[in-house]
$ cat target.pdb   # PDB, C-alpha atoms and all ligand atoms
ATOM      1  CA  MET D   1     136.579  37.510  92.251
ATOM      2  CA  SER D   2     139.068  35.367  94.137
ATOM      3  CA  VAL D   3     142.671  35.270  93.015
ATOM      4  CA  LYS D   4     143.717  31.849  91.701
ATOM      5  CA  PHE D   5     146.481  32.614  89.168
ATOM      6  CA  ALA D   6     150.115  33.510  89.707
ATOM      7  CA  VAL D   7     152.768  34.439  87.170
ATOM      8  CA  ILE D   8     156.435  33.816  87.956
ATOM      9  CA  PRO D   9     158.811  35.423  85.435
ATOM     10  CA  ALA D  10     161.816  33.088  85.238
ATOM     11  CA  ALA D  11     163.291  33.558  81.779
ATOM     12  CA  GLY D  12     166.289  35.692  82.815
ATOM     13  CA  LEU D  13     169.748  34.284  82.207
ATOM     14  CA  GLY D  14     171.103  35.036  85.662
ATOM     15  CA  THR D  15     174.224  36.816  84.503
ATOM     16  CA  ARG D  16     174.694  38.400  87.955
ATOM     17  CA  PHE D  17     175.367  34.905  89.316
ATOM     18  CA  LEU D  18     177.787  33.535  86.717
ATOM     19  CA  PRO D  19     179.471  31.065  86.712
ATOM     20  CA  ALA D  20     176.976  29.364  89.085
ATOM     21  CA  THR D  21     174.154  29.924  86.604
ATOM     22  CA  LYS D  22     175.929  28.794  83.445
ATOM     23  CA  ALA D  23     174.150  25.412  83.346
ATOM     24  CA  ILE D  24     171.666  25.808  86.233
ATOM     25  CA  PRO D  25     168.731  28.234  86.220
ATOM     26  CA  LYS D  26     169.299  30.912  88.878
ATOM     27  CA  GLU D  27     165.879  30.085  90.336
ATOM     28  CA  LEU D  28     167.147  26.580  91.218
ATOM     29  CA  ILE D  29     170.025  27.826  93.357
ATOM     30  CA  PRO D  30     169.312  26.534  96.861
ATOM     31  CA  LEU D  31     168.594  28.774  99.802
ATOM     32  CA  VAL D  32     169.731  26.410 102.593
ATOM     33  CA  ASP D  33     167.977  23.245 101.371
ATOM     34  CA  LYS D  34     165.316  24.352  98.883
ATOM     35  CA  PRO D  35     165.648  26.066  95.499
ATOM     36  CA  LEU D  36     164.691  29.747  95.485
ATOM     37  CA  ILE D  37     161.696  29.136  93.247
ATOM     38  CA  GLN D  38     160.300  26.586  95.689
ATOM     39  CA  TYR D  39     159.927  29.325  98.334
ATOM     40  CA  VAL D  40     158.058  31.517  95.873
ATOM     41  CA  VAL D  41     155.740  28.719  94.728
ATOM     42  CA  GLU D  42     154.997  27.833  98.366
ATOM     43  CA  GLU D  43     154.238  31.501  99.096
ATOM     44  CA  ALA D  44     151.753  31.614  96.197
ATOM     45  CA  VAL D  45     150.088  28.347  97.168
ATOM     46  CA  ALA D  46     149.768  29.426 100.828
ATOM     47  CA  ALA D  47     147.973  32.547  99.546
ATOM     48  CA  GLY D  48     145.361  30.406  97.750
ATOM     49  CA  ILE D  49     146.831  30.302  94.227
ATOM     50  CA  GLU D  50     145.875  27.205  92.191
ATOM     51  CA  THR D  51     147.495  27.794  88.781
ATOM     52  CA  ILE D  52     151.069  29.021  88.452
ATOM     53  CA  VAL D  53     152.361  30.234  85.116
ATOM     54  CA  LEU D  54     156.132  29.953  84.820
ATOM     55  CA  VAL D  55     157.465  32.255  82.129
ATOM     56  CA  THR D  56     160.666  30.565  81.151
ATOM     57  CA  HIS D  57     163.362  30.096  78.511
ATOM     58  CA  ALA D  58     164.512  27.244  76.250
ATOM     59  CA  SER D  59     167.697  26.752  78.310
ATOM     60  CA  LYS D  60     165.816  26.343  81.600
ATOM     61  CA  SER D  61     163.803  23.120  81.317
ATOM     62  CA  ALA D  62     165.241  22.029  84.692
ATOM     63  CA  LEU D  63     162.685  24.435  86.197
ATOM     64  CA  GLU D  64     159.756  22.468  84.787
ATOM     65  CA  ASN D  65     161.442  19.216  85.801
ATOM     66  CA  HIS D  66     161.705  20.379  89.400
ATOM     67  CA  PHE D  67     157.912  20.581  89.660
ATOM     68  CA  ASP D  68     157.235  17.403  87.679
ATOM     69  CA  SER D  69     157.153  13.904  89.142
ATOM     70  CA  GLN D  70     160.425  11.974  88.804
ATOM     71  CA  TYR D  71     159.409   8.383  88.272
ATOM     72  CA  GLU D  72     162.801   6.674  88.661
ATOM     73  CA  LEU D  73     163.651   8.583  91.837
ATOM     74  CA  GLU D  74     160.234   7.935  93.386
ATOM     75  CA  ALA D  75     160.284   4.202  92.517
ATOM     76  CA  GLU D  76     163.782   3.887  93.978
ATOM     77  CA  LEU D  77     162.876   5.665  97.245
ATOM     78  CA  GLU D  78     159.728   3.557  97.529
ATOM     79  CA  ALA D  79     161.654   0.316  96.976
ATOM     80  CA  ARG D  80     164.114   1.339  99.705
ATOM     81  CA  GLY D  81     161.302   2.242 102.119
ATOM     82  CA  LYS D  82     162.428   5.885 102.348
ATOM     83  CA  GLN D  83     158.974   7.337 102.960
ATOM     84  CA  ALA D  84     160.046  10.702 104.363
ATOM     85  CA  LEU D  85     162.341  11.408 101.418
ATOM     86  CA  LEU D  86     159.659  10.229  99.007
ATOM     87  CA  GLU D  87     157.337  12.853 100.471
ATOM     88  CA  VAL D  88     160.000  15.536 100.037
ATOM     89  CA  ALA D  89     160.524  14.529  96.395
ATOM     90  CA  ARG D  90     156.780  14.502  95.701
ATOM     91  CA  SER D  91     155.860  17.694  97.512
ATOM     92  CA  THR D  92     157.713  20.152  95.249
ATOM     93  CA  LEU D  93     154.260  20.790  93.831
ATOM     94  CA  PRO D  94     151.475  20.668  96.418
ATOM     95  CA  ALA D  95     148.355  18.638  95.576
ATOM     96  CA  GLY D  96     145.691  20.507  93.655
ATOM     97  CA  VAL D  97     148.138  23.046  92.186
ATOM     98  CA  LYS D  98     148.915  23.229  88.464
ATOM     99  CA  ILE D  99     152.090  24.577  86.899
ATOM    100  CA  VAL D 100     151.850  25.764  83.326
ATOM    101  CA  SER D 101     154.921  26.969  81.529
ATOM    102  CA  VAL D 102     155.153  29.415  78.682
ATOM    103  CA  ARG D 103     158.258  30.544  76.868
ATOM    104  CA  GLN D 104     159.486  34.102  76.613
ATOM    105  CA  GLY D 105     161.160  33.802  73.227
ATOM    106  CA  LYS D 106     162.765  37.250  73.318
ATOM    107  CA  ALA D 107     164.590  38.980  76.171
ATOM    108  CA  LEU D 108     162.346  42.046  76.101
ATOM    109  CA  GLY D 109     162.032  42.615  79.843
ATOM    110  CA  LEU D 110     159.686  42.058  82.774
ATOM    111  CA  GLY D 111     156.622  43.682  81.156
ATOM    112  CA  HIS D 112     156.994  41.435  78.129
ATOM    113  CA  ALA D 113     157.437  38.368  80.370
ATOM    114  CA  VAL D 114     154.180  39.087  82.212
ATOM    115  CA  ALA D 115     152.376  39.650  78.889
ATOM    116  CA  CYS D 116     153.472  36.133  77.792
ATOM    117  CA  ALA D 117     151.135  34.716  80.484
ATOM    118  CA  ALA D 118     148.007  36.458  79.093
ATOM    119  CA  PRO D 119     146.691  33.458  77.081
ATOM    120  CA  ILE D 120     146.608  31.371  80.276
ATOM    121  CA  VAL D 121     145.448  33.993  82.793
ATOM    122  CA  GLN D 122     142.865  35.554  80.426
ATOM    123  CA  ASP D 123     140.361  37.771  82.296
ATOM    124  CA  ASN D 124     141.293  36.672  85.792
ATOM    125  CA  PRO D 125     143.005  38.760  88.459
ATOM    126  CA  PHE D 126     146.512  37.427  89.118
ATOM    127  CA  VAL D 127     149.597  37.902  91.224
ATOM    128  CA  VAL D 128     153.163  38.288  89.975
ATOM    129  CA  LEU D 129     156.026  37.068  92.150
ATOM    130  CA  LEU D 130     159.627  37.836  91.199
ATOM    131  CA  PRO D 131     161.589  34.739  92.201
ATOM    132  CA  ASP D 132     164.806  36.641  93.003
ATOM    133  CA  VAL D 133     162.998  38.311  95.865
ATOM    134  CA  ILE D 134     162.428  36.056  98.853
ATOM    135  CA  CYS D 135     160.053  37.418 101.484
ATOM    136  CA  TYR D 136     159.497  36.240 105.025
ATOM    137  CA  ALA D 137     156.675  37.276 107.318
ATOM    138  CA  GLN D 138     155.473  35.956 110.656
ATOM    139  CA  GLY D 139     151.793  36.257 109.743
ATOM    140  CA  ASP D 140     150.315  36.472 106.235
ATOM    141  CA  ASN D 141     152.996  36.155 103.575
ATOM    142  CA  ALA D 142     153.594  38.962 101.038
ATOM    143  CA  THR D 143     151.213  37.507  98.424
ATOM    144  CA  ALA D 144     148.521  36.773 101.019
ATOM    145  CA  GLN D 145     148.775  40.405 102.208
ATOM    146  CA  LEU D 146     147.993  41.541  98.626
ATOM    147  CA  VAL D 147     145.151  39.025  98.207
ATOM    148  CA  LYS D 148     143.542  40.277 101.449
ATOM    149  CA  ASP D 149     143.786  43.879 100.276
ATOM    150  CA  TYR D 150     142.239  42.919  96.921
ATOM    151  CA  GLU D 151     139.375  41.121  98.623
ATOM    152  CA  MET D 152     138.669  44.342 100.517
ATOM    153  CA  TYR D 153     139.065  46.938  97.707
ATOM    154  CA  GLY D 154     138.915  45.010  94.391
ATOM    155  CA  GLN D 155     141.774  47.115  92.999
ATOM    156  CA  SER D 156     145.200  46.178  91.692
ATOM    157  CA  VAL D 157     147.683  46.431  94.530
ATOM    158  CA  ILE D 158     151.468  46.146  94.904
ATOM    159  CA  SER D 159     153.831  45.692  97.852
ATOM    160  CA  LEU D 160     156.135  48.575  98.690
ATOM    161  CA  LEU D 161     159.296  48.747 100.751
ATOM    162  CA  PRO D 162     161.210  51.873 101.838
ATOM    163  CA  VAL D 163     164.831  51.900 100.621
ATOM    164  CA  PRO D 164     167.646  54.458 101.215
ATOM    165  CA  MET D 165     167.588  57.300  98.624
ATOM    166  CA  THR D 166     171.015  56.084  97.466
ATOM    167  CA  GLU D 167     169.337  52.860  96.269
ATOM    168  CA  VAL D 168     166.235  54.185  94.460
ATOM    169  CA  HIS D 169     167.990  53.898  91.070
ATOM    170  CA  LYS D 170     167.841  50.090  91.385
ATOM    171  CA  TYR D 171     164.043  49.784  91.675
ATOM    172  CA  GLY D 172     160.619  50.822  90.479
ATOM    173  CA  ILE D 173     159.667  53.744  92.757
ATOM    174  CA  ALA D 174     156.102  54.807  93.649
ATOM    175  CA  GLY D 175     154.430  58.012  94.794
ATOM    176  CA  VAL D 176     151.540  57.140  97.156
ATOM    177  CA  THR D 177     148.794  59.106  98.936
ATOM    178  CA  GLU D 178     147.925  58.675 102.617
ATOM    179  CA  GLN D 179     144.963  56.549 101.461
ATOM    180  CA  GLN D 180     147.481  54.212  99.777
ATOM    181  CA  ALA D 181     146.507  55.155  96.211
ATOM    182  CA  ILE D 182     149.489  55.190  93.870
ATOM    183  CA  THR D 183     149.952  58.533  92.108
ATOM    184  CA  THR D 184     152.988  57.762  89.959
ATOM    185  CA  LEU D 185     155.519  55.025  89.200
ATOM    186  CA  VAL D 186     159.000  55.449  87.765
ATOM    187  CA  GLU D 187     161.401  52.655  86.837
ATOM    188  CA  LYS D 188     164.904  53.104  88.265
ATOM    189  CA  PRO D 189     164.852  56.913  88.737
ATOM    190  CA  ALA D 190     167.852  59.012  89.739
ATOM    191  CA  ALA D 191     167.533  60.094  93.398
ATOM    192  CA  GLU D 192     166.927  63.750  92.336
ATOM    193  CA  VAL D 193     163.748  62.881  90.423
ATOM    194  CA  ALA D 194     162.439  59.944  92.482
ATOM    195  CA  PRO D 195     158.866  60.545  93.725
ATOM    196  CA  SER D 196     159.696  58.907  97.093
ATOM    197  CA  ASN D 197     161.890  56.176  98.551
ATOM    198  CA  LEU D 198     159.150  53.532  98.299
ATOM    199  CA  SER D 199     160.355  50.693  96.093
ATOM    200  CA  VAL D 200     158.292  48.157  94.190
ATOM    201  CA  LEU D 201     159.495  45.047  95.922
ATOM    202  CA  GLY D 202     158.485  42.311  93.481
ATOM    203  CA  ARG D 203     154.996  41.256  94.595
ATOM    204  CA  TYR D 204     152.086  42.545  92.497
ATOM    205  CA  LEU D 205     148.364  41.780  92.178
ATOM    206  CA  PHE D 206     146.731  42.915  88.940
ATOM    207  CA  ASN D 207     143.332  43.030  87.373
ATOM    208  CA  ALA D 208     143.541  41.565  83.850
ATOM    209  CA  SER D 209     143.337  45.099  82.385
ATOM    210  CA  ILE D 210     147.142  45.289  82.757
ATOM    211  CA  PHE D 211     147.488  42.980  79.719
ATOM    212  CA  ALA D 212     145.928  45.517  77.319
ATOM    213  CA  GLU D 213     148.252  48.172  78.739
ATOM    214  CA  LEU D 214     151.322  45.939  78.371
ATOM    215  CA  ALA D 215     150.438  45.293  74.734
ATOM    216  CA  LYS D 216     150.787  49.071  74.114
ATOM    217  CA  THR D 217     153.868  49.678  76.264
ATOM    218  CA  GLN D 218     156.968  50.832  74.401
ATOM    219  CA  ARG D 219     160.508  49.968  75.410
ATOM    220  CA  GLY D 220     161.692  52.008  78.386
ATOM    221  CA  VAL D 221     164.722  51.966  80.707
ATOM    222  CA  GLY D 222     167.394  49.537  79.441
ATOM    223  CA  GLY D 223     165.543  49.127  76.119
ATOM    224  CA  GLU D 224     163.093  46.750  77.828
ATOM    225  CA  ILE D 225     159.296  46.678  78.072
ATOM    226  CA  GLN D 226     158.876  47.692  81.698
ATOM    227  CA  LEU D 227     156.018  46.466  83.873
ATOM    228  CA  THR D 228     156.412  49.699  85.858
ATOM    229  CA  ASP D 229     155.633  51.784  82.729
ATOM    230  CA  ALA D 230     152.420  49.809  82.028
ATOM    231  CA  MET D 231     151.390  50.257  85.665
ATOM    232  CA  HIS D 232     152.066  53.989  85.461
ATOM    233  CA  ALA D 233     149.972  54.280  82.280
ATOM    234  CA  ILE D 234     147.016  52.461  83.814
ATOM    235  CA  LEU D 235     146.871  54.973  86.682
ATOM    236  CA  ALA D 236     145.089  57.350  84.273
ATOM    237  CA  LYS D 237     142.156  54.903  84.163
ATOM    238  CA  GLU D 238     142.189  52.917  87.377
ATOM    239  CA  THR D 239     143.170  53.235  91.000
ATOM    240  CA  MET D 240     146.095  51.072  91.982
ATOM    241  CA  ARG D 241     146.968  50.641  95.622
ATOM    242  CA  GLY D 242     150.392  50.423  97.256
ATOM    243  CA  VAL D 243     150.742  48.716 100.623
ATOM    244  CA  ALA D 244     153.814  48.506 102.809
ATOM    245  CA  PHE D 245     155.005  44.923 103.132
ATOM    246  CA  ASP D 246     155.098  43.812 106.727
ATOM    247  CA  GLY D 247     158.073  41.439 106.891
ATOM    248  CA  GLU D 248     161.617  40.683 105.772
ATOM    249  CA  VAL D 249     162.770  41.048 102.133
ATOM    250  CA  HIS D 250     165.873  39.413 100.631
ATOM    251  CA  ASP D 251     167.232  40.284  97.188
ATOM    252  CA  CYS D 252     168.662  36.899  96.234
ATOM    253  CA  GLY D 253     169.584  38.159  92.752
ATOM    254  CA  ASP D 254     172.483  39.952  94.433
ATOM    255  CA  LYS D 255     175.408  37.921  95.799
ATOM    256  CA  LEU D 256     175.554  39.665  99.184
ATOM    257  CA  GLY D 257     171.755  39.689  99.484
ATOM    258  CA  TYR D 258     171.795  35.962  98.767
ATOM    259  CA  LEU D 259     174.484  35.336 101.393
ATOM    260  CA  ASN D 260     172.527  37.347 103.953
ATOM    261  CA  ALA D 261     169.384  35.345 103.145
ATOM    262  CA  THR D 262     171.356  32.108 103.529
ATOM    263  CA  LEU D 263     172.544  33.118 107.014
ATOM    264  CA  THR D 264     169.082  34.318 108.062
ATOM    265  CA  PHE D 265     167.173  31.275 106.774
ATOM    266  CA  ALA D 266     169.768  28.792 108.038
ATOM    267  CA  ALA D 267     169.670  30.308 111.539
ATOM    268  CA  ARG D 268     165.854  29.998 111.507
ATOM    269  CA  HIS D 269     165.789  26.472 110.041
ATOM    270  CA  ALA D 270     163.761  23.998 112.136
ATOM    271  CA  SER D 271     166.317  21.187 112.223
ATOM    272  CA  LEU D 272     169.601  22.942 111.302
ATOM    273  CA  GLY D 273     169.152  26.304 113.027
ATOM    274  CA  ALA D 274     170.640  25.557 116.454
ATOM    275  CA  ASP D 275     173.786  23.835 115.100
ATOM    276  CA  PHE D 276     174.187  26.490 112.425
ATOM    277  CA  LYS D 277     174.189  29.255 115.044
ATOM    278  CA  THR D 278     176.914  27.411 116.976
ATOM    279  CA  LEU D 279     178.891  27.186 113.747
ATOM    280  CA  LEU D 280     178.434  30.896 113.113
ATOM    281  CA  ALA D 281     179.619  31.752 116.621
ATOM    282  CA  GLN D 282     182.760  29.627 116.054
ATOM    283  CA  HIS D 283     183.459  31.473 112.804
ATOM    284  CA  ALA D 284     182.954  34.850 114.500
ATOM    285  CA  GLN D 285     185.662  33.986 117.047
ATOM    286  CA  ALA D 286     188.135  32.704 114.472
TER     287      ALA D 286
HETATM  288  C1  LIG M 301     162.472  44.649  88.713
HETATM  289  C2  LIG M 301     161.410  45.722  88.446
HETATM  290  C3  LIG M 301     161.522  46.842  89.480
HETATM  291  C4  LIG M 301     161.440  46.272  90.893
HETATM  292  C5  LIG M 301     162.507  45.178  91.080
HETATM  293  C6  LIG M 301     162.345  44.491  92.430
HETATM  294  O1  LIG M 301     163.734  45.197  88.434
HETATM  295  O2  LIG M 301     161.564  46.220  87.130
HETATM  296  O3  LIG M 301     160.493  47.777  89.270
HETATM  297  O4  LIG M 301     161.604  47.291  91.842
HETATM  298  O5  LIG M 301     162.414  44.178  90.049
HETATM  299  O6  LIG M 301     163.390  43.586  92.651
HETATM  300  P1  LIG M 301     165.067  44.279  88.227
HETATM  301  O7  LIG M 301     165.514  43.894  89.612
HETATM  302  O8  LIG M 301     164.642  43.085  87.423
HETATM  303  O9  LIG M 301     166.031  45.153  87.519
END

$ encode --input "target.pdb" --output "structure tokens"
Amino acid sequence: MSVKFAVIPAAGLGTRFLPATKAIPKELIPLVDKPLIQYVVEEAVAAGIETIVLVTHASKSALENHFDSQYELEAELEARGKQALLEVARSTLPAGVKIVSVRQGKALGLGHAVACAAPIVQDNPFVVLLPDVICYAQGDNATAQLVKDYEMYGQSVISLLPVPMTEVHKYGIAGVTEQQAITTLVEKPAAEVAPSNLSVLGRYLFNASIFAELAKTQRGVGGEIQLTDAMHAILAKETMRGVAFDGEVHDCGDKLGYLNATLTFAARHASLGADFKTLLAQHAQA
């Protein structure tokens, strides 16, 4: 079965980025010249996804607006003959791709957010992309790497990234065999009890069976329904694979991680990169 659905949990209130996120959804903060969520949507679409379910919140309708057409803006750009800008305004959502939004009425955590997408995704395999995490790869992107693995093995599969042991308490951590089968998953363990230093980086591909497991999952760490706990429970019934992500990962939910991503993406930018690097060099000397 090919993978055509993606779920993007985007209901969080972005408290780590206040005051910037008081009136603006954190997913609309720009990384150089595009909002964070635009990178994630483009990653999903490049991996073959056709329907994207945004799990959002009453205060974040700007997210839906970003992917909608904006009649007044488009008419104005057309009247002024600004074709290139018109294309930019129209291409927030590539042709042939649908965005569906559902509300997460209660702040019950990531597992609960993913479960909110069940009525749309139904029995289909789907990917989950956390929009705080921006990935960059030279070849296949992070989601495409998972889709390829799924096409080969037909099993749920998640991307993993080694982190220092001093950081394991911030992530879901996996135990994995040499054959890449996951043996255990623990959400935000203390270093002493962590099964490894392999973190769940925020890209997942699930068979629809995860929904039944999520429906049974009790509140875990932080009083929230944890996706990691549902994944751990399903290991008793199904094989889930863990593959190392081949590329760069930026935690843009963290201020320093976001600043590092800004420097990295600006330096690589097709039209701004060269001038930006000159600017950086000037700052380094100052
Ligand atoms: C979430 C997940 C965690 C994962 C992390 C990746 O945690 O619960 O398993 O490792 O994203 O960024 P959060 O960052 O929302 O606390």

$ closest_atom_pairs --input "target.pdb" --of "chain D" --to "ligand LIG 301 (chain M)" --cutoff "8 Å" --atoms "only C-alpha atoms and all ligand atoms" --output "Markdown table"
| residue | atom | partner | partner_atom | distance |
| --- | --- | --- | --- | --- |
| D:Leu110 | CA | M:LIG301 | O2 | 6.3 |
| D:Leu130 | CA | M:LIG301 | O5 | 7.0 |
| D:Asp132 | CA | M:LIG301 | O6 | 7.1 |
| D:Val133 | CA | M:LIG301 | O6 | 6.2 |
| D:Lys170 | CA | M:LIG301 | O9 | 6.5 |
| D:Tyr171 | CA | M:LIG301 | O4 | 3.5 |
| D:Gly172 | CA | M:LIG301 | O3 | 3.3 |
| D:Ile173 | CA | M:LIG301 | O4 | 6.8 |
| D:Val186 | CA | M:LIG301 | O3 | 8.0 |
| D:Glu187 | CA | M:LIG301 | O3 | 5.5 |
| D:Lys188 | CA | M:LIG301 | O3 | 7.0 |
| D:Ser199 | CA | M:LIG301 | O4 | 5.6 |
| D:Val200 | CA | M:LIG301 | O4 | 4.2 |
| D:Leu201 | CA | M:LIG301 | C6 | 4.5 |
| D:Gly202 | CA | M:LIG301 | C6 | 4.6 |
| D:Gln226 | CA | M:LIG301 | O2 | 6.2 |
| D:Leu227 | CA | M:LIG301 | O2 | 6.4 |
| D:Thr228 | CA | M:LIG301 | O3 | 5.7 |
| D:Asp251 | CA | M:LIG301 | O6 | 6.8 |
| D:Gly253 | CA | M:LIG301 | O7 | 7.7 |

$ residues_around --input "target.pdb" --residues "D:Gln179" --least-positions-apart "2" --cutoff "10 Å" --atoms "only C-alpha atoms" --output "PyMOL selection string"
chain D and resi 176-177+181-182+241-243

$ closest_residue --input "target.pdb" --among "D:Pro162, D:Pro9, D:Pro19, D:Gly154" --to "D:Val53" --atoms "all atoms listed in the file"
D:Pro9

$ atom_distance --input "target.pdb" --atom1 "atom CA of D:His269" --atom2 "atom CA of D:Tyr136"
12.7 Å

$ atom_distance --input "target.pdb" --atom1 "atom CA of D:Leu18" --atom2 "atom CA of D:Lys255"
10.4 Å

$ closest_residue --input "target.pdb" --among "D:Gln155, D:Thr278, D:Thr15, D:Leu146" --to "D:Ala266" --atoms "all atoms listed in the file"
D:Thr278

$ resolve_selection --input "target.pdb" --expression "the PyMOL selection byres (((chain D and resi 246) around 12) and not hetatm)" --output "list in words"
Cys135, Tyr136, Ala137, Gln138, Gly139, Asp140, Asn141, Ala142, Thr143, Ala144, Gln145, Leu146, Ser159, Leu160, Leu161, Pro162, Leu201, Val243, Ala244, Phe245, Gly247, Glu248 and Val249 of chain D

$ decode --input "target.pdb" --residues "stretch 151-164 of chain D" --atoms "N, CA and C atoms" --output "CSV table (one decimal), in the first residue's frame"
chain,number,residue,atom,x,y,z
D,151,GLU,N,8.1,0.6,1.8
D,151,GLU,CA,7.8,-0.1,0.6
D,151,GLU,C,8.6,-1.4,0.5
D,152,MET,N,9.7,-1.5,1.2
D,152,MET,CA,10.5,-2.7,1.2
D,152,MET,C,10.0,-3.7,2.2
D,153,TYR,N,9.6,-3.2,3.5
D,153,TYR,CA,9.3,-4.2,4.6
D,153,TYR,C,7.9,-4.2,5.0
D,154,GLY,N,7.1,-3.1,4.6
D,154,GLY,CA,5.7,-3.1,5.0
D,154,GLY,C,5.4,-2.9,6.5
D,155,GLN,N,6.4,-2.5,7.2
D,155,GLN,CA,6.3,-2.4,8.7
D,155,GLN,C,6.4,-0.9,9.1
D,156,SER,N,5.7,-0.6,10.2
D,156,SER,CA,5.9,0.8,10.7
D,156,SER,C,7.4,1.1,10.9
D,157,VAL,N,7.8,2.3,10.7
D,157,VAL,CA,9.2,2.6,10.8
D,157,VAL,C,9.4,4.0,11.3
D,158,ILE,N,10.4,4.3,12.1
D,158,ILE,CA,10.6,5.6,12.6
D,158,ILE,C,12.1,6.0,12.4
D,159,SER,N,12.3,7.3,12.3
D,159,SER,CA,13.7,7.8,12.1
D,159,SER,C,14.4,8.0,13.5
D,160,LEU,N,15.6,7.6,13.6
D,160,LEU,CA,16.4,7.7,14.8
D,160,LEU,C,17.6,8.5,14.6
D,161,LEU,N,18.0,9.1,15.7
D,161,LEU,CA,19.2,10.0,15.7
D,161,LEU,C,20.0,9.9,17.0
D,162,PRO,N,21.3,9.5,16.9
D,162,PRO,CA,22.0,9.4,18.2
D,162,PRO,C,22.1,10.8,18.8
D,163,VAL,N,22.0,10.9,20.2
D,163,VAL,CA,22.2,12.1,20.9
D,163,VAL,C,23.1,11.8,22.1
D,164,PRO,N,23.8,12.8,22.6
D,164,PRO,CA,24.6,12.6,23.8
D,164,PRO,C,23.8,12.0,25.0
